[in-house]
Amino acid sequence: MKIVYILIAILAFGVLIADHELGHFLMARLCGVKVNEFSIGMGPALLKKQGRETLYSLRLVPIGGYCAMEGEDEDTGDPRAFSTQRRLKKFVILVAGALNNFLLGFVIILLLVLLVYNKPFAVPVIAGFADGFPQEGEAGLMVGDTIHSINGYRIYYSQDLSTAVSLDDDGEMDVTVIRDGKKVTLPRYRLEAREYDGETRLGIDLTLVKGTLGEKLKYSCYTCYNFVRMIRISLHMLVTGAVGLRDMSGPVGIVSTISQVATESDSVAEGLLNVLYLVAFIAVNLSVMNLLPIPALDGGRIFFLVITWVIERVIRRRCDPRVEGYVHYVGMILLLGLMAVIMISDVVKIFHG
């Protein structure tokens, strides 16, 4: 069964890349930009079909794809080339891929919540405490308090509470609650999991609300927002050195993680649902990462839109698009090198546990 999950994971990753490139393709067509080739997959072509002006291809390696627009990095003289378009058109074409990934992630989460999740939602309004909870009362937490944030981390649902506590280092945190309509901050408050009635938990009982259509829609929105927050936290940890290159994952590591999550599930149905949830997270992750201002990524191209606009306003002449093309080319080489290192690391982790 594991090989089936691996194949599903590879297919899912390929779908995410194809979805990203489809966003660029559809927006380019809508903006009147000529697309020379739209490819699903990379490597040797398995199928090709020449459209009126676009070559459509299905290629051997299912992880990847591209939307090759006329004049992406140079002026070809074609009035429909990407390089000759107004900046607003370039911007919407560049951001369309990330937007497509984000929307796909949101739709997956919304469908899972609408069709599968039938439990009430635990919102951060305190309904009670376990016997022996140590800091109950006016100087601590009280029934009816709405937990607003922990160390600045906004709390929306019960899982946010667990996440915020897990991110704390020493167990002492600034807990802000809404009490009688006012914000009250409890500094250096100790909130930690301990044993209550034979179960290890925080000891706080939260209010359950019915899963109405509106509540499910709101929960789906907050889930995607939480995905973005976790990406931001991960990037911060990477920059500060809290995590290293070994903790990063590329396509091989992602496929391995998806298959592992499915394999460790209690049933095939639960495994597939867990895979869908993880695919939604990866879709949002791809959306955010592609908008980082790094050369060769969509965010890098958007960054150059701003930079060239400023330069052209100063020198009062058009910048040569080939210069930007060279920068993105070097960026692509560096990114491919980084991906190769991460892929090797992923393979080593798989074979050595």
# chains A, B, ... in the order shown; residues from 1 in each chain; ligands from 1
>>> residues_around(residues="region 292-294 of chain A", least_positions_apart="4", cutoff="10 Å", atoms="only C-alpha atoms", output="NGL selection string")
:A and (287-288 or 298-304 or 328 or 331-332 or 335)
>>> write_last_selection(atoms="N, CA and C atoms", output="PDB file, in the first residue's frame")
ATOM      1  N   SER A 287       2.528  28.856  -2.473  1.00  0.00           N
ATOM      2  CA  SER A 287       2.023  30.196  -2.785  1.00  0.00           C
ATOM      3  C   SER A 287       2.876  31.269  -2.118  1.00  0.00           C
ATOM      4  N   VAL A 288       3.118  31.085  -0.825  1.00  0.00           N
ATOM      5  CA  VAL A 288       3.877  32.087  -0.065  1.00  0.00           C
ATOM      6  C   VAL A 288       5.345  32.102  -0.497  1.00  0.00           C
ATOM      7  N   ASP A 298       8.710  34.074  -8.636  1.00  0.00           N
ATOM      8  CA  ASP A 298       7.754  35.111  -9.025  1.00  0.00           C
ATOM      9  C   ASP A 298       7.931  36.366  -8.177  1.00  0.00           C
ATOM     10  N   GLY A 299       8.209  36.167  -6.891  1.00  0.00           N
ATOM     11  CA  GLY A 299       8.431  37.314  -6.016  1.00  0.00           C
ATOM     12  C   GLY A 299       9.647  38.125  -6.435  1.00  0.00           C
ATOM     13  N   GLY A 300      10.688  37.435  -6.927  1.00  0.00           N
ATOM     14  CA  GLY A 300      11.865  38.146  -7.416  1.00  0.00           C
ATOM     15  C   GLY A 300      11.549  38.975  -8.642  1.00  0.00           C
ATOM     16  N   ARG A 301      10.710  38.434  -9.528  1.00  0.00           N
ATOM     17  CA  ARG A 301      10.323  39.183 -10.730  1.00  0.00           C
ATOM     18  C   ARG A 301       9.454  40.387 -10.354  1.00  0.00           C
ATOM     19  N   ILE A 302       8.575  40.198  -9.383  1.00  0.00           N
ATOM     20  CA  ILE A 302       7.759  41.325  -8.920  1.00  0.00           C
ATOM     21  C   ILE A 302       8.639  42.387  -8.283  1.00  0.00           C
ATOM     22  N   PHE A 303       9.642  41.944  -7.521  1.00  0.00           N
ATOM     23  CA  PHE A 303      10.592  42.884  -6.910  1.00  0.00           C
ATOM     24  C   PHE A 303      11.302  43.699  -7.983  1.00  0.00           C
ATOM     25  N   PHE A 304      11.686  43.046  -9.083  1.00  0.00           N
ATOM     26  CA  PHE A 304      12.353  43.754 -10.164  1.00  0.00           C
ATOM     27  C   PHE A 304      11.420  44.731 -10.871  1.00  0.00           C
ATOM     28  N   HIS A 328      18.041  36.583 -13.049  1.00  0.00           N
ATOM     29  CA  HIS A 328      17.160  35.445 -12.793  1.00  0.00           C
ATOM     30  C   HIS A 328      17.827  34.130 -13.206  1.00  0.00           C
ATOM     31  N   GLY A 331      20.113  33.300 -10.457  1.00  0.00           N
ATOM     32  CA  GLY A 331      19.275  32.873  -9.345  1.00  0.00           C
ATOM     33  C   GLY A 331      18.751  31.471  -9.535  1.00  0.00           C
ATOM     34  N   MET A 332      18.374  31.132 -10.773  1.00  0.00           N
ATOM     35  CA  MET A 332      17.873  29.798 -11.062  1.00  0.00           C
ATOM     36  C   MET A 332      18.964  28.742 -10.842  1.00  0.00           C
ATOM     37  N   LEU A 335      19.348  28.300  -7.142  1.00  0.00           N
ATOM     38  CA  LEU A 335      18.210  27.578  -6.588  1.00  0.00           C
ATOM     39  C   LEU A 335      18.271  26.096  -6.928  1.00  0.00           C
TER      40      LEU A 335
END
>>> closest_atom_pairs(of="region 294-335 of chain A", to="region 61-83 of chain A", cutoff="6 Å", atoms="only C-alpha atoms", output="Markdown table")
| residue | atom | partner | partner_atom | distance |
| --- | --- | --- | --- | --- |
| A:Pro321 | CA | A:Glu74 | CA | 5.1 |
| A:Arg322 | CA | A:Glu74 | CA | 5.0 |
| A:Gly325 | CA | A:Asp73 | CA | 4.6 |
>>> closest_residue(among="A:Val275, A:Ile311, A:Val123, A:Ile333", to="Tyr222 (chain A)", atoms="only C-alpha atoms")
A:Val123
>>> select_by_dssp(residues="region 48-240 of chain A", states="strand (DSSP E)", output="VMD selection string")
chain A and resid 48 to 50 55 to 69 121 to 129 146 to 150 153 to 154 172 to 179 182 to 190 194 to 196 199 to 201 204 to 209
>>> residues_around(residues="region 44-57 of chain A", least_positions_apart="6", cutoff="8 Å", atoms="only C-alpha atoms", output="CSV table (one decimal) with N, CA and C atoms, in the first residue's frame")
chain,number,residue,atom,x,y,z
A,34,LYS,N,1.4,36.5,-25.4
A,34,LYS,CA,1.6,35.2,-26.2
A,34,LYS,C,2.3,34.2,-25.3
A,35,VAL,N,1.8,33.0,-25.3
A,35,VAL,CA,2.4,31.9,-24.6
A,35,VAL,C,2.9,30.9,-25.6
A,36,ASN,N,4.2,30.6,-25.6
A,36,ASN,CA,4.8,29.7,-26.6
A,36,ASN,C,4.6,28.3,-26.3
A,37,GLU,N,4.7,27.9,-25.0
A,37,GLU,CA,4.4,26.5,-24.6
A,37,GLU,C,3.9,26.5,-23.1
A,38,PHE,N,2.9,25.6,-22.9
A,38,PHE,CA,2.4,25.3,-21.6
A,38,PHE,C,2.7,23.8,-21.4
>>> closest_residue(among="A:Lys210, A:Arg190, A:His20, A:Arg316", to="Phe133 (chain A)", atoms="only C-alpha atoms")
A:Arg190
>>> residues_around(residues="Val116 (chain A)", least_positions_apart="5", cutoff="10 Å", atoms="only C-alpha atoms", output="PyMOL selection string")
chain A and resi 110-111+273
>>> write_last_selection(atoms="N, CA and C atoms", output="compact mmCIF listing (two decimals), in the first residue's frame")
# COMPACT_ATOMS: atom_id res chain seq x y z
N LEU A 110 -11.72 23.80 2.66
CA LEU A 110 -13.16 24.06 2.76
C LEU A 110 -13.97 22.80 2.49
N LEU A 111 -13.58 22.03 1.48
CA LEU A 111 -14.30 20.79 1.16
C LEU A 111 -14.15 19.77 2.29
N LEU A 273 -7.58 11.38 3.58
CA LEU A 273 -7.98 12.69 4.13
C LEU A 273 -6.77 13.44 4.67
>>> closest_residue(among="A:Tyr189, A:Tyr326, A:Phe227, A:Tyr156", to="Met173 (chain A)", atoms="only C-alpha atoms")
A:Tyr189
>>> residues_around(residues="Leu26 (chain A)", least_positions_apart="6", cutoff="10 Å", atoms="only C-alpha atoms", output="ChimeraX atom specification")
/A:32-33,35,67,93,96-97
>>> atom_distance(atom1="CA of Leu202 (chain A)", atom2="CA of Ala280 (chain A)")
28.5 Å
>>> closest_residue(among="A:Ser345, A:Ser265, A:Thr223, A:Thr308", to="Phe102 (chain A)", atoms="only C-alpha atoms")
A:Thr223
>>> residues_around(residues="Ala130 (chain A)", least_positions_apart="2", cutoff="10 Å", atoms="only C-alpha atoms", output="list in words")
Gly128, Gly132, Phe133, Pro134, Glu195, Tyr196, Asp197, Arg201, Leu202, Gly203, Ile204 and Asp205 of chain A
>>> write_last_selection(atoms="C-alpha atoms", output="compact mmCIF listing (two decimals), in the first residue's frame")
# COMPACT_ATOMS: atom_id res chain seq x y z
CA GLY A 128 -14.16 25.64 32.82
CA GLY A 132 -6.48 21.21 40.45
CA PHE A 133 -5.80 23.85 37.78
CA PRO A 134 -3.23 26.04 39.60
CA GLU A 195 -1.59 15.38 34.21
CA TYR A 196 -5.27 15.88 35.04
CA ASP A 197 -7.39 12.79 35.80
CA ARG A 201 -3.39 18.38 28.90
CA LEU A 202 -3.47 22.13 29.61
CA GLY A 203 -6.41 21.78 31.97
CA ILE A 204 -8.57 24.40 30.23
CA ASP A 205 -12.01 23.52 28.89
